[in-house]
file model02.cif (mmCIF, C-alpha atoms)
data_run
loop_
_atom_site.group_PDB
_atom_site.id
_atom_site.type_symbol
_atom_site.label_atom_id
_atom_site.label_comp_id
_atom_site.auth_asym_id
_atom_site.auth_seq_id
_atom_site.Cartn_x
_atom_site.Cartn_y
_atom_site.Cartn_z
ATOM 1 C CA LEU T 73 87.588 32.799 103.276
ATOM 2 C CA TRP T 74 89.794 35.790 102.565
ATOM 3 C CA TRP T 75 91.091 37.354 105.784
ATOM 4 C CA ALA T 76 94.282 39.039 104.645
ATOM 5 C CA THR T 77 94.568 42.797 104.605
ATOM 6 C CA ALA T 78 96.399 42.602 101.274
ATOM 7 C CA ALA T 79 94.286 43.135 98.177
ATOM 8 C CA PRO T 80 93.451 40.020 96.184
ATOM 9 C CA GLY T 81 94.994 39.663 92.755
ATOM 10 C CA ALA T 82 93.037 39.949 89.522
ATOM 11 C CA ALA T 83 92.641 36.171 89.211
ATOM 12 C CA HIS T 84 91.158 35.909 92.717
ATOM 13 C CA GLU T 85 88.808 38.810 92.045
ATOM 14 C CA SER T 86 87.606 37.293 88.791
ATOM 15 C CA ALA T 87 86.917 33.916 90.397
ATOM 16 C CA ALA T 88 85.224 35.587 93.367
ATOM 17 C CA ARG T 89 82.741 37.389 91.108
ATOM 18 C CA GLY T 90 81.570 33.975 89.947
ATOM 19 C CA TRP T 91 81.299 32.654 93.488
ATOM 20 C CA LEU T 92 79.286 35.705 94.513
ATOM 21 C CA VAL T 93 76.359 34.552 92.341
ATOM 22 C CA HIS T 94 76.653 30.833 93.123
ATOM 23 C CA ALA T 95 73.677 28.943 94.555
ATOM 24 C CA SER T 96 75.665 27.835 97.612
ATOM 25 C CA PRO T 97 75.745 30.261 100.558
ATOM 26 C CA VAL T 98 79.278 29.059 101.347
ATOM 27 C CA ALA T 99 80.478 29.921 97.832
ATOM 28 C CA ARG T 100 78.780 33.329 98.034
ATOM 29 C CA MET T 101 80.464 34.016 101.375
ATOM 30 C CA ILE T 102 83.852 33.065 99.931
ATOM 31 C CA GLY T 103 83.278 35.366 96.964
ATOM 32 C CA ALA T 104 82.113 38.201 99.199
ATOM 33 C CA SER T 105 85.121 37.766 101.496
ATOM 34 C CA VAL T 106 87.549 38.122 98.597
ATOM 35 C CA LEU T 107 85.806 41.173 97.151
ATOM 36 C CA LEU T 108 84.848 42.929 100.403
ATOM 37 C CA THR T 109 87.587 45.544 100.408
ATOM 38 C CA THR T 110 88.016 45.967 96.658
ATOM 39 C CA PRO T 111 87.028 49.323 95.178
ATOM 40 C CA ARG T 112 85.037 47.840 92.314
ATOM 41 C CA ASP T 113 83.003 45.168 94.103
ATOM 42 C CA GLY T 114 83.240 45.987 97.800
ATOM 43 C CA GLY T 115 79.721 47.384 98.071
ATOM 44 C CA VAL T 116 78.177 44.379 96.322
ATOM 45 C CA ALA T 117 80.211 42.026 98.509
ATOM 46 C CA GLU T 118 79.135 43.802 101.692
ATOM 47 C CA ALA T 119 75.493 43.652 100.595
ATOM 48 C CA GLU T 120 75.825 39.925 99.909
ATOM 49 C CA LEU T 121 77.353 39.305 103.341
ATOM 50 C CA ARG T 122 74.538 41.233 105.012
ATOM 51 C CA LYS T 123 71.995 39.288 102.953
ATOM 52 C CA LEU T 124 73.589 36.021 104.044
ATOM 53 C CA LEU T 125 73.507 37.146 107.686
ATOM 54 C CA GLY T 126 69.791 37.846 107.431
ATOM 55 C CA SER T 127 68.895 34.644 105.616
ATOM 56 C CA GLY T 128 68.990 32.287 108.585
ATOM 57 C CA THR T 129 72.143 30.580 107.401
ATOM 58 C CA ASP T 130 74.021 28.103 109.527
ATOM 59 C CA TYR T 131 75.189 29.791 112.749
ATOM 60 C CA ARG T 132 78.840 29.174 111.817
ATOM 61 C CA LEU T 133 78.360 31.005 108.540
ATOM 62 C CA HIS T 134 76.562 33.743 110.420
ATOM 63 C CA LEU T 135 79.442 34.218 112.851
ATOM 64 C CA LEU T 136 82.044 34.054 110.073
ATOM 65 C CA GLY T 137 80.040 36.593 108.069
ATOM 66 C CA GLN T 138 80.011 38.946 111.040
ATOM 67 C CA ALA T 139 83.769 38.542 111.394
ATOM 68 C CA GLN T 140 84.184 39.317 107.700
ATOM 69 C CA LEU T 141 82.273 42.569 108.190
ATOM 70 C CA TRP T 142 84.653 43.504 111.010
ATOM 71 C CA ARG T 143 87.281 43.940 108.323
ATOM 72 C CA LEU T 144 85.360 47.044 107.227
ATOM 73 C CA ARG T 145 85.701 48.489 110.746
ATOM 74 C CA LEU T 146 89.506 48.269 110.803
ATOM 75 C CA GLY T 147 89.940 51.791 109.479
ATOM 76 C CA ALA T 148 87.279 53.349 111.709
ATOM 77 C CA ASN T 149 88.277 56.118 114.111
ATOM 78 C CA ASP T 150 85.756 54.972 116.709
ATOM 79 C CA LEU T 151 86.981 51.393 117.040
ATOM 80 C CA GLY T 152 86.990 50.799 120.787
ATOM 81 C CA ARG T 153 88.011 48.273 123.383
ATOM 82 C CA GLU T 154 84.427 47.336 124.262
ATOM 83 C CA GLU T 155 83.707 46.507 120.638
ATOM 84 C CA LEU T 156 86.854 44.392 120.474
ATOM 85 C CA SER T 157 85.811 42.559 123.636
ATOM 86 C CA ARG T 158 82.514 41.691 121.912
ATOM 87 C CA TRP T 159 84.475 40.426 118.919
ATOM 88 C CA GLN T 160 86.532 38.235 121.245
ATOM 89 C CA SER T 161 83.342 36.745 122.720
ATOM 90 C CA ARG T 162 81.985 35.988 119.257
ATOM 91 C CA ILE T 163 85.249 34.341 118.235
ATOM 92 C CA ASP T 164 85.107 32.186 121.352
ATOM 93 C CA ALA T 165 81.607 31.059 120.286
ATOM 94 C CA LEU T 166 82.982 29.652 117.034
ATOM 95 C CA PRO T 167 84.190 26.083 116.731
ATOM 96 C CA ALA T 168 87.974 26.089 117.193
ATOM 97 C CA ALA T 169 88.573 25.124 113.555
ATOM 98 C CA LEU T 170 86.941 28.368 112.382
ATOM 99 C CA GLN T 171 88.654 30.832 114.735
ATOM 100 C CA GLY T 172 91.846 31.540 112.794
ATOM 101 C CA GLY T 173 90.649 34.227 110.387
ATOM 102 C CA PRO T 174 88.576 36.058 112.994
ATOM 103 C CA TYR T 175 91.592 36.073 115.331
ATOM 104 C CA TYR T 176 93.619 37.655 112.550
ATOM 105 C CA VAL T 177 91.037 40.438 112.179
ATOM 106 C CA LEU T 178 90.940 40.908 115.959
ATOM 107 C CA GLY T 179 94.730 41.177 115.993
ATOM 108 C CA GLN T 180 94.582 43.798 113.242
ATOM 109 C CA ALA T 181 92.000 45.758 115.207
ATOM 110 C CA ARG T 182 94.055 45.615 118.396
ATOM 111 C CA LEU T 183 97.018 46.970 116.442
ATOM 112 C CA ARG T 184 94.840 49.865 115.270
ATOM 113 C CA VAL T 185 93.957 50.815 118.853
ATOM 114 C CA ARG T 186 97.585 50.368 119.912
ATOM 115 C CA GLU T 187 97.024 47.344 122.158
ATOM 116 C CA HIS T 188 100.254 45.754 120.971
ATOM 117 C CA ASP T 189 100.480 42.975 123.573
ATOM 118 C CA ARG T 190 96.885 41.920 123.018
ATOM 119 C CA ALA T 191 97.356 42.205 119.255
ATOM 120 C CA ALA T 192 100.359 39.892 119.431
ATOM 121 C CA SER T 193 98.355 37.435 121.522
ATOM 122 C CA ALA T 194 95.517 37.336 118.985
ATOM 123 C CA LEU T 195 97.862 37.134 116.003
ATOM 124 C CA LEU T 196 99.931 34.342 117.550
ATOM 125 C CA ARG T 197 96.851 32.127 117.671
ATOM 126 C CA LEU T 198 97.307 31.576 113.937
ATOM 127 C CA PRO T 199 100.838 30.123 113.822
ATOM 128 C CA LEU T 200 100.321 28.307 117.132
ATOM 129 C CA VAL T 201 96.818 26.877 116.741
ATOM 130 C CA HIS T 202 95.205 27.806 113.423
ATOM 131 C CA ASP T 203 97.949 27.367 110.855
ATOM 132 C CA ALA T 204 95.959 25.648 108.095
ATOM 133 C CA ASP T 205 96.288 28.829 106.028
ATOM 134 C CA HIS T 206 100.084 28.813 105.849
ATOM 135 C CA PHE T 207 100.331 32.282 104.312
ATOM 136 C CA LEU T 208 97.974 33.932 106.795
ATOM 137 C CA ALA T 209 99.740 32.196 109.708
ATOM 138 C CA ALA T 210 103.076 33.502 108.410
ATOM 139 C CA ARG T 211 101.707 37.040 108.055
ATOM 140 C CA ALA T 212 100.204 36.876 111.549
ATOM 141 C CA CYS T 213 103.510 35.679 113.009
ATOM 142 C CA LEU T 214 105.358 38.541 111.313
ATOM 143 C CA GLU T 215 102.834 41.101 112.558
ATOM 144 C CA ALA T 216 102.980 39.640 116.083
ATOM 145 C CA ALA T 217 106.758 40.088 115.976
ATOM 146 C CA ASP T 218 106.303 43.712 114.904
ATOM 147 C CA ALA T 219 103.800 44.255 117.736
ATOM 148 C CA LEU T 220 106.177 42.804 120.329
ATOM 149 C CA SER T 221 109.013 44.866 118.940
ATOM 150 C CA ALA T 222 106.853 47.977 119.399
ATOM 151 C CA THR T 223 106.484 47.143 123.115
ATOM 152 C CA GLY T 224 110.215 46.681 123.606
ATOM 153 C CA GLN T 225 110.119 42.886 123.727
ATOM 154 C CA ALA T 226 113.041 42.624 121.328
ATOM 155 C CA GLU T 227 114.088 39.059 122.131
ATOM 156 C CA HIS T 228 110.561 37.685 121.711
ATOM 157 C CA ALA T 229 110.221 39.640 118.481
ATOM 158 C CA ARG T 230 113.500 38.217 117.156
ATOM 159 C CA ALA T 231 112.332 34.690 117.957
ATOM 160 C CA LEU T 232 109.183 35.247 115.949
ATOM 161 C CA TYR T 233 111.068 36.787 113.027
ATOM 162 C CA ARG T 234 113.301 33.690 113.037
ATOM 163 C CA GLU T 235 110.212 31.480 113.074
ATOM 164 C CA VAL T 236 108.872 33.232 109.994
ATOM 165 C CA THR T 237 112.178 32.749 108.155
ATOM 166 C CA GLU T 238 112.452 29.083 109.155
ATOM 167 C CA ARG T 239 108.948 27.688 109.449
ATOM 168 C CA PHE T 240 107.373 29.924 106.828
ATOM 169 C CA GLY T 241 110.439 30.314 104.625
ATOM 170 C CA THR T 242 108.515 29.648 101.416
ATOM 171 C CA THR T 243 106.092 32.529 101.974
ATOM 172 C CA PRO T 244 106.564 36.101 100.789
ATOM 173 C CA TYR T 245 106.894 37.135 104.447
ATOM 174 C CA ALA T 246 110.187 35.329 105.060
ATOM 175 C CA PRO T 247 112.338 37.985 103.317
ATOM 176 C CA GLU T 248 110.548 40.695 105.292
ATOM 177 C CA ALA T 249 111.268 38.835 108.537
ATOM 178 C CA ALA T 250 114.895 38.289 107.514
ATOM 179 C CA ALA T 251 115.259 42.021 106.859
ATOM 180 C CA ALA T 252 113.755 42.769 110.279
ATOM 181 C CA LEU T 253 116.253 40.390 111.892
ATOM 182 C CA GLU T 254 119.098 42.067 110.057
ATOM 183 C CA ARG T 255 117.950 45.537 111.162
ATOM 184 C CA ARG T 256 117.735 44.361 114.760
ATOM 185 C CA ALA T 257 120.995 42.387 114.779
ATOM 186 C CA GLY T 258 122.702 45.009 116.900
ATOM 187 C CA SER T 259 119.831 45.524 119.346
#
call {"tool": "encode", "arguments": {"input": "model02.cif", "output": "structure tokens"}}
result
Amino acid sequence: LWWATAAPGAAHESAARGWLVHASPVARMIGASVLLTTPRDGGVAEAELRKLLGSGTDYRLHLLGQAQLWRLRLGANDLGREELSRWQSRIDALPAALQGGPYYVLGQARLRVREHDRAASALLRLPLVHDADHFLAARACLEAADALSATGQAEHARALYREVTERFGTTPYAPEAAAALERRAGS
């Protein structure tokens, strides 16, 4: 599933349109996840996710579909701590192998409401526990470092920036982490 906040590329979007009409609910969910925040297909993707949620699909797909829809709430002005606590409970109900992406969304939401410590905690679940998606784990580690930096935890932030450059050095986030380390070299 697509969890990243970055927009998918044209090739991903094209493939996802095909998945969106596939017979398999899993394929449709993958397609909907890729297209959910795109201007052209976002509405269709959201409708497909809601349809899948109402179709009595496997409970894991249901919970993952709900977590996908949370991505639409990230820009909301009324995103609150109680809602995020409910999200946390739903993530905890998922099998551990499926928690990575939802934790990333929770971390993003906690950043939006300026809960930097809690955001870092959620985001760090990816590189520490749910690192199967190497790129998303790298992005989460970088964002956790930024969150810790925002709370004045400079040494912890530097350690995470170093981890991104070393452990995730082949990802596009390594240069960003290296630049952050360079900017903070004197701090």
call {"tool": "atom_distance", "arguments": {"input": "model02.cif", "atom1": "CA of Arg184 in chain T", "atom2": "CA of Ala83 in chain T"}}
result
29.5 Å
call {"tool": "closest_residue", "arguments": {"input": "model02.cif", "among": "T:Met101, T:Leu183, T:Ala79, T:Ala191", "to": "Arg132 in chain T", "atoms": "only C-alpha atoms"}}
result
T:Met101
call {"tool": "closest_residue", "arguments": {"input": "model02.cif", "among": "T:Arg89, T:Arg143, T:Arg211, T:Arg186", "to": "Leu232 in chain T", "atoms": "only C-alpha atoms"}}
result
T:Arg211
call {"tool": "resolve_selection", "arguments": {"input": "model02.cif", "expression": "the PyMOL selection byres ((chain T and resi 178) around 10)", "output": "VMD selection string"}}
result
chain T and resid 139 142 to 143 146 156 to 157 159 to 160 163 172 to 177 179 to 184 190 to 191 193 to 195
call {"tool": "residues_around", "arguments": {"input": "model02.cif", "residues": "range 252-254 of chain T", "least_positions_apart": "2", "cutoff": "8 Å", "atoms": "only C-alpha atoms", "output": "ChimeraX atom specification"}}
result
/T:230,233-234,248-250,256-257
call {"tool": "write_last_selection", "arguments": {"input": "model02.cif", "atoms": "C-alpha atoms", "output": "short mmCIF file (atom, residue, chain, number, x, y, z; two decimals), keeping the file's coordinate frame"}}
result
data_model
loop_
_atom_site.label_atom_id
_atom_site.label_comp_id
_atom_site.auth_asym_id
_atom_site.auth_seq_id
_atom_site.Cartn_x
_atom_site.Cartn_y
_atom_site.Cartn_z
CA ARG T 230 113.50 38.22 117.16
CA TYR T 233 111.07 36.79 113.03
CA ARG T 234 113.30 33.69 113.04
CA GLU T 248 110.55 40.70 105.29
CA ALA T 249 111.27 38.84 108.54
CA ALA T 250 114.90 38.29 107.51
CA ARG T 256 117.74 44.36 114.76
CA ALA T 257 121.00 42.39 114.78
#
